[in-house]
Amino acid sequence: MSSPEFPGLDVSTRVRARDIQMAGVADVRRRVLMISGAIDTTEHDISVSVNLPEPGRWQVIKSETNLTDKTWVAMQVVTDEDSTFVDDADTLVLSRQFSKSFMTPDQRRLTFYDGEVRPGEAVLKVYSLDAGGRKPTYSYSRYSPIATDTAEQSQQTLDELISNGMKQRPVIELIVPVTVIG
């Protein structure tokens, strides 16, 4: 949708609507948001925006398929400035593919690691989000080891990424349609 008359409105390099399908369902009674979809890029971070029926605490169950040719060994989620992850004893923070997670003290960055998602496999993540508004946005980054790195170099890079966060790459913005039930 490039327009030579309005170059500032050209979003073709950062917004994709047809090739990465994601959809969500919000169960208002249970306060659960379920999102599924796929990621087909290794060069971009994915920014996800959802329209919630109301702000507040939501348990997020997110599944996405790795359509890239790289194995992911860590995934990072970063919230917008109005949202935080929930970190208490009664809240699940887990992934079927990653055995460990790390949340920053400000509860704005969550990293899943110590596992892998190979090409063609799906990853499942569960966490809770305190959304300050009805339209939270959060971004996903994935880490794949560089083929020429040694196992020690890859582990050192992973340790640094967990501690310091993953460097932001160009972003693809997605607005996920949410069906409300309950």
# chains A, B, ... in the order shown; residues from 1 in each chain; ligands from 1

call {"tool": "residues_around", "arguments": {"residues": "range 107-119 of chain A", "least_positions_apart": "3", "cutoff": "9 Å", "atoms": "only C-alpha atoms", "output": "ChimeraX atom specification"}}
result
/A:65-81,83-87,94-104,122-123,125,158,161-162,165

call {"tool": "write_last_selection", "arguments": {"atoms": "N, CA and C atoms", "output": "short mmCIF file (atom, residue, chain, number, x, y, z; two decimals), in the first residue's frame"}}
result
data_model
loop_
_atom_site.label_atom_id
_atom_site.label_comp_id
_atom_site.auth_asym_id
_atom_site.auth_seq_id
_atom_site.Cartn_x
_atom_site.Cartn_y
_atom_site.Cartn_z
N THR A 65 3.34 -21.08 15.75
CA THR A 65 4.14 -22.06 15.03
C THR A 65 5.36 -21.38 14.43
N ASN A 66 6.49 -22.04 14.54
CA ASN A 66 7.75 -21.56 13.97
C ASN A 66 7.76 -21.92 12.48
N LEU A 67 7.50 -20.95 11.63
CA LEU A 67 7.54 -21.18 10.18
C LEU A 67 8.87 -20.76 9.57
N THR A 68 9.87 -20.50 10.41
CA THR A 68 11.18 -20.12 9.90
C THR A 68 12.03 -21.37 9.70
N ASP A 69 13.23 -21.18 9.22
CA ASP A 69 14.16 -22.30 9.06
C ASP A 69 15.18 -22.35 10.19
N LYS A 70 14.93 -21.62 11.27
CA LYS A 70 15.84 -21.56 12.41
C LYS A 70 15.18 -22.15 13.66
N THR A 71 16.01 -22.72 14.53
CA THR A 71 15.54 -23.21 15.82
C THR A 71 15.62 -22.08 16.83
N TRP A 72 14.53 -21.84 17.54
CA TRP A 72 14.50 -20.80 18.56
C TRP A 72 14.90 -21.44 19.89
N VAL A 73 15.85 -20.84 20.60
CA VAL A 73 16.25 -21.37 21.90
C VAL A 73 15.88 -20.43 23.05
N ALA A 74 15.29 -19.29 22.71
CA ALA A 74 14.76 -18.37 23.73
C ALA A 74 13.73 -17.47 23.07
N MET A 75 12.74 -17.06 23.87
CA MET A 75 11.73 -16.11 23.41
C MET A 75 11.55 -15.05 24.49
N GLN A 76 11.48 -13.81 24.06
CA GLN A 76 11.33 -12.69 24.97
C GLN A 76 10.03 -11.96 24.66
N VAL A 77 9.32 -11.56 25.70
CA VAL A 77 8.09 -10.79 25.57
C VAL A 77 8.30 -9.50 26.36
N VAL A 78 8.01 -8.35 25.75
CA VAL A 78 8.15 -7.06 26.41
C VAL A 78 6.81 -6.34 26.31
N THR A 79 6.33 -5.84 27.45
CA THR A 79 5.03 -5.16 27.48
C THR A 79 5.17 -3.68 27.11
N ASP A 80 4.03 -3.06 26.82
CA ASP A 80 4.01 -1.61 26.64
C ASP A 80 4.11 -0.93 28.00
N GLU A 81 4.14 0.40 28.00
CA GLU A 81 4.34 1.13 29.26
C GLU A 81 3.14 1.08 30.20
N SER A 83 1.33 -1.77 30.78
CA SER A 83 1.06 -3.15 31.17
C SER A 83 2.26 -3.75 31.86
N THR A 84 2.01 -4.75 32.72
CA THR A 84 3.08 -5.50 33.37
C THR A 84 2.69 -6.97 33.44
N PHE A 85 3.70 -7.81 33.58
CA PHE A 85 3.45 -9.22 33.83
C PHE A 85 3.14 -9.41 35.30
N VAL A 86 2.41 -10.45 35.62
CA VAL A 86 2.08 -10.76 37.00
C VAL A 86 3.10 -11.76 37.52
N ASP A 87 3.67 -11.47 38.67
CA ASP A 87 4.69 -12.33 39.28
C ASP A 87 4.31 -12.60 40.72
N LEU A 94 4.75 -20.21 32.35
CA LEU A 94 5.38 -21.43 31.87
C LEU A 94 5.29 -21.55 30.37
N SER A 95 6.10 -22.45 29.85
CA SER A 95 6.08 -22.82 28.44
C SER A 95 6.34 -24.32 28.37
N ARG A 96 5.64 -24.96 27.48
CA ARG A 96 5.86 -26.40 27.29
C ARG A 96 7.24 -26.67 26.69
N GLN A 97 7.76 -25.76 25.89
CA GLN A 97 9.03 -25.98 25.19
C GLN A 97 10.24 -25.45 25.96
N PHE A 98 10.02 -24.51 26.88
CA PHE A 98 11.14 -23.92 27.62
C PHE A 98 10.95 -24.20 29.10
N SER A 99 12.00 -24.71 29.74
CA SER A 99 11.87 -25.12 31.14
C SER A 99 12.13 -23.99 32.13
N LYS A 100 12.67 -22.86 31.66
CA LYS A 100 12.98 -21.77 32.57
C LYS A 100 12.42 -20.45 32.03
N SER A 101 12.21 -19.53 32.97
CA SER A 101 11.79 -18.19 32.59
C SER A 101 12.47 -17.18 33.50
N PHE A 102 12.62 -15.97 32.99
CA PHE A 102 13.21 -14.88 33.74
C PHE A 102 12.35 -13.64 33.54
N MET A 103 11.95 -13.00 34.65
CA MET A 103 11.17 -11.77 34.58
C MET A 103 11.98 -10.65 35.24
N THR A 104 12.04 -9.51 34.59
CA THR A 104 12.77 -8.38 35.15
C THR A 104 12.03 -7.84 36.38
N ALA A 122 5.26 -25.93 17.16
CA ALA A 122 4.53 -24.87 17.85
C ALA A 122 5.11 -24.67 19.24
N VAL A 123 5.00 -23.45 19.75
CA VAL A 123 5.42 -23.12 21.10
C VAL A 123 4.19 -22.66 21.86
N LYS A 125 2.97 -20.73 25.43
CA LYS A 125 3.40 -19.92 26.57
C LYS A 125 2.16 -19.54 27.38
N LEU A 158 23.37 -16.27 25.01
CA LEU A 158 22.06 -16.50 25.63
C LEU A 158 22.02 -15.93 27.05
N LEU A 161 21.65 -12.23 26.80
CA LEU A 161 20.32 -11.85 26.35
C LEU A 161 19.28 -11.98 27.47
N ILE A 162 19.43 -12.98 28.30
CA ILE A 162 18.51 -13.16 29.43
C ILE A 162 18.68 -12.01 30.42
N GLY A 165 18.35 -8.41 28.02
CA GLY A 165 17.30 -8.28 27.02
C GLY A 165 17.86 -8.41 25.61
#

call {"tool": "closest_residue", "arguments": {"among": "A:Asp82, A:Glu43, A:Asn51, A:Lys62", "to": "Ala131 in chain A", "atoms": "only C-alpha atoms"}}
result
A:Asp82

call {"tool": "closest_residue", "arguments": {"among": "A:Met22, A:Leu52, A:Ile46, A:Ile181", "to": "Gly132 in chain A", "atoms": "only C-alpha atoms"}}
result
A:Leu52

call {"tool": "closest_residue", "arguments": {"among": "A:Gln21, A:Gln153, A:Thr148, A:Ser36", "to": "Ser63 in chain A", "atoms": "only C-alpha atoms"}}
result
A:Ser36

call {"tool": "select_by_dssp", "arguments": {"residues": "chain A", "states": "strand (DSSP E or B)", "output": "PyMOL selection string"}}
result
chain A and resi 15+22-27+32-39+45-50+56-66+72-79+83-85+94-95+98-103+109-117+122-131+137-143+171-176+178-181

call {"tool": "residues_around", "arguments": {"residues": "Val178 in chain A", "least_positions_apart": "6", "cutoff": "12 Å", "atoms": "only C-alpha atoms", "output": "list in words"}}
result
Met22, Ala23, Gly24, Val25, Ala26, Asp27, Val28, Val32, Leu33, Met34, Ile35, Ser36, Val48, Ser49, Val50, Asn51, Leu52, Pro53, Arg134 and Lys135 of chain A

call {"tool": "write_last_selection", "arguments": {"atoms": "all heavy atoms", "output": "short mmCIF file (atom, residue, chain, number, x, y, z; two decimals), in the first residue's frame"}}
result
data_model
loop_
_atom_site.label_atom_id
_atom_site.label_comp_id
_atom_site.auth_asym_id
_atom_site.auth_seq_id
_atom_site.Cartn_x
_atom_site.Cartn_y
_atom_site.Cartn_z
N MET A 22 -2.94 -14.45 12.98
CA MET A 22 -3.11 -14.64 14.41
C MET A 22 -4.54 -14.27 14.75
O MET A 22 -5.09 -13.35 14.16
CB MET A 22 -2.14 -13.79 15.23
CG MET A 22 -0.72 -14.29 15.20
SD MET A 22 0.23 -13.65 16.57
CE MET A 22 1.77 -14.47 16.26
N ALA A 23 -5.09 -14.99 15.70
CA ALA A 23 -6.45 -14.70 16.15
C ALA A 23 -6.53 -14.98 17.63
O ALA A 23 -5.77 -15.79 18.17
CB ALA A 23 -7.45 -15.57 15.39
N GLY A 24 -7.45 -14.30 18.30
CA GLY A 24 -7.59 -14.46 19.74
C GLY A 24 -9.03 -14.63 20.16
O GLY A 24 -9.95 -14.25 19.44
N VAL A 25 -9.19 -15.20 21.35
CA VAL A 25 -10.50 -15.34 22.00
C VAL A 25 -10.32 -14.88 23.43
O VAL A 25 -9.40 -15.32 24.12
CB VAL A 25 -10.99 -16.81 21.97
CG1 VAL A 25 -12.27 -16.95 22.78
CG2 VAL A 25 -11.19 -17.28 20.55
N ALA A 26 -11.21 -13.98 23.88
CA ALA A 26 -11.18 -13.50 25.26
C ALA A 26 -12.39 -14.04 26.00
O ALA A 26 -13.53 -13.76 25.61
CB ALA A 26 -11.18 -11.98 25.29
N ASP A 27 -12.15 -14.84 27.03
CA ASP A 27 -13.21 -15.35 27.89
C ASP A 27 -13.33 -14.39 29.07
O ASP A 27 -12.50 -14.41 29.99
CB ASP A 27 -12.89 -16.77 28.35
CG ASP A 27 -14.00 -17.40 29.16
OD1 ASP A 27 -14.79 -16.66 29.79
OD2 ASP A 27 -14.09 -18.64 29.17
N VAL A 28 -14.35 -13.53 29.04
CA VAL A 28 -14.49 -12.48 30.05
C VAL A 28 -14.72 -13.06 31.43
O VAL A 28 -14.16 -12.58 32.42
CB VAL A 28 -15.66 -11.53 29.66
CG1 VAL A 28 -15.87 -10.47 30.73
CG2 VAL A 28 -15.39 -10.90 28.31
N VAL A 32 -9.43 -14.97 30.59
CA VAL A 32 -8.41 -15.68 29.84
C VAL A 32 -8.41 -15.16 28.41
O VAL A 32 -9.46 -15.03 27.78
CB VAL A 32 -8.68 -17.21 29.84
CG1 VAL A 32 -7.71 -17.94 28.92
CG2 VAL A 32 -8.59 -17.77 31.25
N LEU A 33 -7.22 -14.88 27.90
CA LEU A 33 -7.02 -14.47 26.51
C LEU A 33 -6.20 -15.55 25.83
O LEU A 33 -5.08 -15.82 26.24
CB LEU A 33 -6.30 -13.12 26.44
CG LEU A 33 -5.92 -12.61 25.06
CD1 LEU A 33 -7.17 -12.33 24.22
CD2 LEU A 33 -5.07 -11.35 25.18
N MET A 34 -6.78 -16.18 24.82
CA MET A 34 -6.08 -17.24 24.07
C MET A 34 -5.76 -16.70 22.68
O MET A 34 -6.66 -16.21 21.99
CB MET A 34 -6.95 -18.48 23.98
CG MET A 34 -7.26 -19.08 25.35
SD MET A 34 -8.60 -20.28 25.31
CE MET A 34 -10.02 -19.18 25.25
N ILE A 35 -4.49 -16.81 22.28
CA ILE A 35 -4.05 -16.32 20.97
C ILE A 35 -3.26 -17.43 20.30
O ILE A 35 -2.41 -18.07 20.91
CB ILE A 35 -3.18 -15.06 21.10
CG1 ILE A 35 -3.97 -13.94 21.76
CG2 ILE A 35 -2.65 -14.63 19.75
CD1 ILE A 35 -3.16 -12.69 22.04
N SER A 36 -3.55 -17.64 19.01
CA SER A 36 -2.77 -18.61 18.24
C SER A 36 -2.37 -17.97 16.92
O SER A 36 -2.99 -17.03 16.46
CB SER A 36 -3.55 -19.89 18.01
OG SER A 36 -4.66 -19.63 17.17
N VAL A 48 2.49 -7.16 18.90
CA VAL A 48 1.12 -7.64 18.89
C VAL A 48 0.23 -6.67 19.66
O VAL A 48 0.52 -6.35 20.82
CB VAL A 48 1.03 -9.05 19.54
CG1 VAL A 48 -0.40 -9.53 19.62
CG2 VAL A 48 1.89 -10.04 18.78
N SER A 49 -0.84 -6.21 19.03
CA SER A 49 -1.84 -5.37 19.69
C SER A 49 -3.14 -6.15 19.73
O SER A 49 -3.54 -6.76 18.74
CB SER A 49 -2.07 -4.08 18.92
OG SER A 49 -0.92 -3.29 18.92
N VAL A 50 -3.79 -6.12 20.88
CA VAL A 50 -5.10 -6.79 21.03
C VAL A 50 -6.11 -5.80 21.59
O VAL A 50 -5.75 -4.86 22.31
CB VAL A 50 -5.02 -8.04 21.94
CG1 VAL A 50 -4.14 -9.10 21.34
CG2 VAL A 50 -4.53 -7.68 23.32
N ASN A 51 -7.36 -6.00 21.25
CA ASN A 51 -8.45 -5.20 21.80
C ASN A 51 -9.16 -6.05 22.84
O ASN A 51 -9.90 -6.97 22.49
CB ASN A 51 -9.42 -4.77 20.71
CG ASN A 51 -8.81 -3.74 19.79
OD1 ASN A 51 -8.18 -2.80 20.24
ND2 ASN A 51 -8.97 -3.93 18.50
N LEU A 52 -8.94 -5.74 24.11
CA LEU A 52 -9.58 -6.47 25.19
C LEU A 52 -10.96 -5.89 25.49
O LEU A 52 -11.17 -4.69 25.31
CB LEU A 52 -8.72 -6.39 26.45
CG LEU A 52 -7.36 -7.07 26.41
CD1 LEU A 52 -6.57 -6.75 27.67
CD2 LEU A 52 -7.52 -8.57 26.24
N PRO A 53 -11.87 -6.72 25.99
CA PRO A 53 -13.18 -6.19 26.36
C PRO A 53 -13.10 -5.21 27.54
O PRO A 53 -13.95 -4.34 27.68
CB PRO A 53 -13.99 -7.42 26.74
CG PRO A 53 -13.08 -8.57 26.69
CD PRO A 53 -11.77 -8.16 26.13
N ARG A 134 -7.45 -1.04 27.46
CA ARG A 134 -8.13 -2.07 26.67
C ARG A 134 -7.33 -2.50 25.44
O ARG A 134 -7.70 -3.45 24.78
CB ARG A 134 -9.50 -1.56 26.22
CG ARG A 134 -10.49 -1.43 27.37
CD ARG A 134 -11.89 -1.12 26.89
NE ARG A 134 -12.34 -2.11 25.93
CZ ARG A 134 -12.91 -1.80 24.76
NH1 ARG A 134 -13.10 -0.56 24.41
NH2 ARG A 134 -13.29 -2.77 23.94
N LYS A 135 -6.24 -1.79 25.11
CA LYS A 135 -5.48 -2.11 23.91
C LYS A 135 -4.00 -2.31 24.22
O LYS A 135 -3.15 -1.53 23.77
CB LYS A 135 -5.66 -1.01 22.86
CG LYS A 135 -7.09 -0.90 22.38
CD LYS A 135 -7.23 0.14 21.31
CE LYS A 135 -8.69 0.20 20.92
NZ LYS A 135 -8.92 1.06 19.80
#

call {"tool": "atom_distance", "arguments": {"atom1": "CA of Asp45 in chain A", "atom2": "CA of Ser128 in chain A"}}
result
20.9 Å

call {"tool": "closest_residue", "arguments": {"among": "A:Gln59, A:Gly182, A:Asp90, A:His44", "to": "Arg29 in chain A", "atoms": "only C-alpha atoms"}}
result
A:Gly182

call {"tool": "closest_residue", "arguments": {"among": "A:Tyr143, A:Gln168, A:Pro136, A:Arg57", "to": "Gln155 in chain A", "atoms": "only C-alpha atoms"}}
result
A:Tyr143
